[in-house]
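Working notes, beginning with the structure itself.
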Amino acid sequence: MALRGVLYGGREAFTKRLDNAILICLPAIGTLAFPIWLTQGAFGWIEISAFMIGYAVIGLGITVGLHRHFTHRSFEANRILRFCLAAAAAMACQGSLPRWIADHRRHHALSDVTGDPHSPWVDGRGRSLSGLGGFFHAHFGWMFDDATTDMSVFGADLKDDRLVMFFGSTHWLWFGLNFAVPWLYGFLLGGASHAMGCLLFAGCFRTFLFHHATWSVNSVCHLTGKVRFRQKNRSRNNYLVAILTFGEGCHNNHHRFPRSAFHGLGPGEPDMSGALVRLLERLGLVSEVIRPSTHGVR
Ligand SMILES: [Zn+2]
Ligand SMILES: [Zn+2]
């Protein structure tokens with residue numbers, strides 16, 4: 001089966017599976033170790049504050065940075081802000097930035113039809129899915145199938161973006177920093193015991209939780225929630241997922257206006273990322289912000 005933009009098997013599939021195994025398993029192992037460590041270790045505001053800061057940094061790095069700016073070009077930003085957004089996103093343990101961008105573009109191009117990397121309705125080979133099997137495929141199973149995105153189709157332009165390519169080639173360094181920074185935070189504020197608590201709770205568990213929050217956009221938001229705009233795809237607005245992902249759960253709105261910097265389009269649609277973009281725009285730090293009303297103009 002040949003489909004433009006999708007590759008099957010080969011070295012790409014092997015690398016994808018290995019990368020995802022490391023990216024997913026290490027935080028999960030640390031998460032399992034946390035309750036064991038907790039029986040002897042100290043736990044308090046140092047760990048909680050490290051968790052909250054870290055969740056906001058990687059969360060907004062993914063939503064405002066990697067998704068809305070680097071993938072959809074919802075707004076323009078200066079070089080320093082672009083670097084900060086890319087660094088925050090790279091620390092979310094979601095793999096190489098160019099790969100993430102290309103996978104996501106493929107999702108928009110082929111939503112819920114053959115070739116979609118992560119639909120709960122069709123697998124990587126175009127076979128129909130439903131129920132729990134579909135949920136698990138969209139949630140994380142797709143990261144271990146043999147389909148990969150052809151970068152020459154969905155990421156050819158990224159070669160010209162030196163910043164994106166830099167973060168693509170150094171993503172393991174940022175993966176390490178994602179755990180080293182909370183460890184250091186805990187060590188400086190509370191010594192060796194809090195360093196370990198911060199590593200396990202604010203490093204591993206926080207990454208594990210945001211992994212599942214992000215994956216829920218792919219699984220839950222194509223299964224259950226409100227359909228505000230009828231479209232060919234099966235995207236939905238799920239407001240619980242939107243709270244956990246700073247607005248990305250307003251996914252039906254996003255499929256309708258993919259380039260909009262704002263996913264929450266009305267009262268009761270949580271979109272902290274959109275609020276941050278609005279604030280950055282007021283401060284003069286971002287420009288050319290795409291809104292649903294101007295969508296498609298550029
Ligand atoms: Zn979608
Ligand atoms: Zn998108």
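Convention: chains lettered A, B, ... in structure tokens order; per-chain residue numbering from 1; ligands numbered from 1 as shown.
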
Expected selection as a ChimeraX atom specification for ligand 1 within 12 Å, only C-alpha atoms and all ligand atoms: /A:103-113,116-121,138-139,214-223,231-238,248-258

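Residues surrounding Leu177 in chain A within 12 Å are Gly54, Ile58, Ala87, Ala88, Ala89, Ala90, Met91, Ala92, Cys93, Thr170, His171, Trp172, Leu173, Trp174, Ala180, Val181, Pro182, Trp183, Leu184, Tyr185, Leu199, Gly203 and Cys204 of chain A [only C-alpha atoms; sequence separation below 3 positions excluded].
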
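Distances from A:Leu23, A:Met52, A:Leu38, A:Leu265 to Arg206 in chain A were compared using only C-alpha atoms, and the smallest one belongs to A:Met52.
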
Ile24 in chain A environment, 10 Å, only C-alpha atoms, sequence neighbours closer than 6 positions dropped, as a PyMOL selection string: chain A and resi 93-95+140+143+204+207-208+211

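If you count only C-alpha atoms and ignore residues fewer than 3 places along the chain from Thr63 in chain A, what sits within 10 Å of it is Ile58, Gly59, Leu60, Leu66, His67, Arg68, His69, Phe70, Leu85, Ala89, Thr214, Thr245, Phe246, Gly247, Glu248, Ala261, Met272, Ser273 and Gly274 of chain A.
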
Output for the residues just chosen: N, CA and C atoms as a JSON list (two decimals), in the first residue's frame:
```json
[["chain", "number", "residue", "atom", "x", "y", "z"],
["A", 58, "ILE", "N", 6.83, 23.07, 30.14],
["A", 58, "ILE", "CA", 6.78, 22.14, 29.01],
["A", 58, "ILE", "C", 5.42, 22.19, 28.33],
["A", 59, "GLY", "N", 4.37, 22.42, 29.12],
["A", 59, "GLY", "CA", 3.02, 22.47, 28.54],
["A", 59, "GLY", "C", 2.89, 23.62, 27.56],
["A", 60, "LEU", "N", 3.27, 24.80, 28.00],
["A", 60, "LEU", "CA", 3.16, 25.96, 27.11],
["A", 60, "LEU", "C", 4.19, 25.89, 25.98],
["A", 66, "LEU", "N", 5.60, 24.70, 20.07],
["A", 66, "LEU", "CA", 5.71, 23.68, 19.02],
["A", 66, "LEU", "C", 4.45, 23.59, 18.16],
["A", 67, "HIS", "N", 3.28, 23.63, 18.81],
["A", 67, "HIS", "CA", 2.05, 23.45, 18.04],
["A", 67, "HIS", "C", 1.65, 24.74, 17.30],
["A", 68, "ARG", "N", 1.39, 25.80, 18.07],
["A", 68, "ARG", "CA", 0.79, 26.98, 17.43],
["A", 68, "ARG", "C", 1.80, 27.80, 16.63],
["A", 69, "HIS", "N", 3.04, 27.94, 17.15],
["A", 69, "HIS", "CA", 4.02, 28.73, 16.40],
["A", 69, "HIS", "C", 4.76, 27.90, 15.34],
["A", 70, "PHE", "N", 5.47, 26.86, 15.78],
["A", 70, "PHE", "CA", 6.35, 26.16, 14.83],
["A", 70, "PHE", "C", 5.59, 25.31, 13.81],
["A", 85, "LEU", "N", 10.77, 29.07, 23.42],
["A", 85, "LEU", "CA", 9.62, 28.19, 23.16],
["A", 85, "LEU", "C", 10.10, 26.82, 22.68],
["A", 89, "ALA", "N", 9.64, 23.24, 24.62],
["A", 89, "ALA", "CA", 8.98, 22.11, 23.94],
["A", 89, "ALA", "C", 9.90, 20.90, 23.89],
["A", 214, "THR", "N", -1.32, 15.19, 26.58],
["A", 214, "THR", "CA", -1.12, 15.45, 25.15],
["A", 214, "THR", "C", -1.75, 14.34, 24.30],
["A", 245, "THR", "N", -4.39, 20.63, 29.03],
["A", 245, "THR", "CA", -3.44, 20.91, 27.94],
["A", 245, "THR", "C", -3.43, 22.39, 27.55],
["A", 246, "PHE", "N", -3.87, 23.23, 28.44],
["A", 246, "PHE", "CA", -3.81, 24.68, 28.21],
["A", 246, "PHE", "C", -4.55, 25.09, 26.93],
["A", 247, "GLY", "N", -5.63, 24.41, 26.62],
["A", 247, "GLY", "CA", -6.48, 24.85, 25.50],
["A", 247, "GLY", "C", -6.54, 23.90, 24.32],
["A", 248, "GLU", "N", -5.61, 22.94, 24.26],
["A", 248, "GLU", "CA", -5.56, 22.08, 23.07],
["A", 248, "GLU", "C", -6.78, 21.16, 22.95],
["A", 261, "ALA", "N", -4.40, 31.19, 16.35],
["A", 261, "ALA", "CA", -3.62, 31.12, 17.59],
["A", 261, "ALA", "C", -4.52, 30.84, 18.78],
["A", 272, "MET", "N", -5.70, 28.59, 27.92],
["A", 272, "MET", "CA", -4.65, 29.38, 28.54],
["A", 272, "MET", "C", -3.56, 29.77, 27.55],
["A", 273, "SER", "N", -3.32, 28.89, 26.58],
["A", 273, "SER", "CA", -2.28, 29.19, 25.57],
["A", 273, "SER", "C", -2.70, 30.41, 24.75],
["A", 274, "GLY", "N", -3.98, 30.46, 24.38],
["A", 274, "GLY", "CA", -4.48, 31.61, 23.64],
["A", 274, "GLY", "C", -4.35, 32.88, 24.46]]
```

From A:Gly225, A:Gly131, A:Gly168, A:Gly190, residue lying nearest Trp45 in chain A [only C-alpha atoms]: A:Gly190

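Across the structure, CA of Ser152 in chain A and CA of Ile101 in chain A are spaced 12.6 Å apart.
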
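Residue nearest ligand 2 within the list A:Ala192, A:Val227, A:Ile62, A:Leu283: A:Ile62 [criterion: smallest interatomic distance, only C-alpha atoms and all ligand atoms].
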
Range 162-270 of chain A: residues DSSP assigns to alpha helix (DSSP H), reported as a PyMOL selection string: chain A and resi 162-169+171-190+192-197+206-218+239-244+251-256

Those of range 16-264 of chain A in DSSP strand (DSSP E or B), formatted as a PyMOL selection string: chain A and resi 76-77+122+128+147-149+226+237+250

Could you turn the residues from that selection into a file that holds C-alpha atoms, as a compact mmCIF listing (two decimals), in the first residue's frame?
```
# COMPACT_ATOMS: atom_id res chain seq x y z
CA GLU A 76 5.51 35.42 14.47
CA ALA A 77 8.04 35.81 17.27
CA VAL A 122 -8.26 3.92 11.43
CA SER A 128 -10.89 0.36 10.66
CA ALA A 147 4.20 3.84 9.73
CA THR A 148 6.34 6.99 9.72
CA THR A 149 5.94 10.42 8.20
CA LYS A 226 -18.76 18.64 21.76
CA ASN A 237 -14.02 19.83 21.95
CA CYS A 250 -10.78 22.63 22.03
```

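Among the candidates A:Gly133, A:Arg291, A:Ala102, A:Gly115, the residue lying nearest to ligand 2 is A:Ala102 (atoms considered: only C-alpha atoms and all ligand atoms).
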
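Between ligand 2 and the candidates A:Arg127, A:His212, A:Arg17, A:Arg73, the tightest atom-to-atom separation, counting only C-alpha atoms and all ligand atoms, involves A:Arg73.
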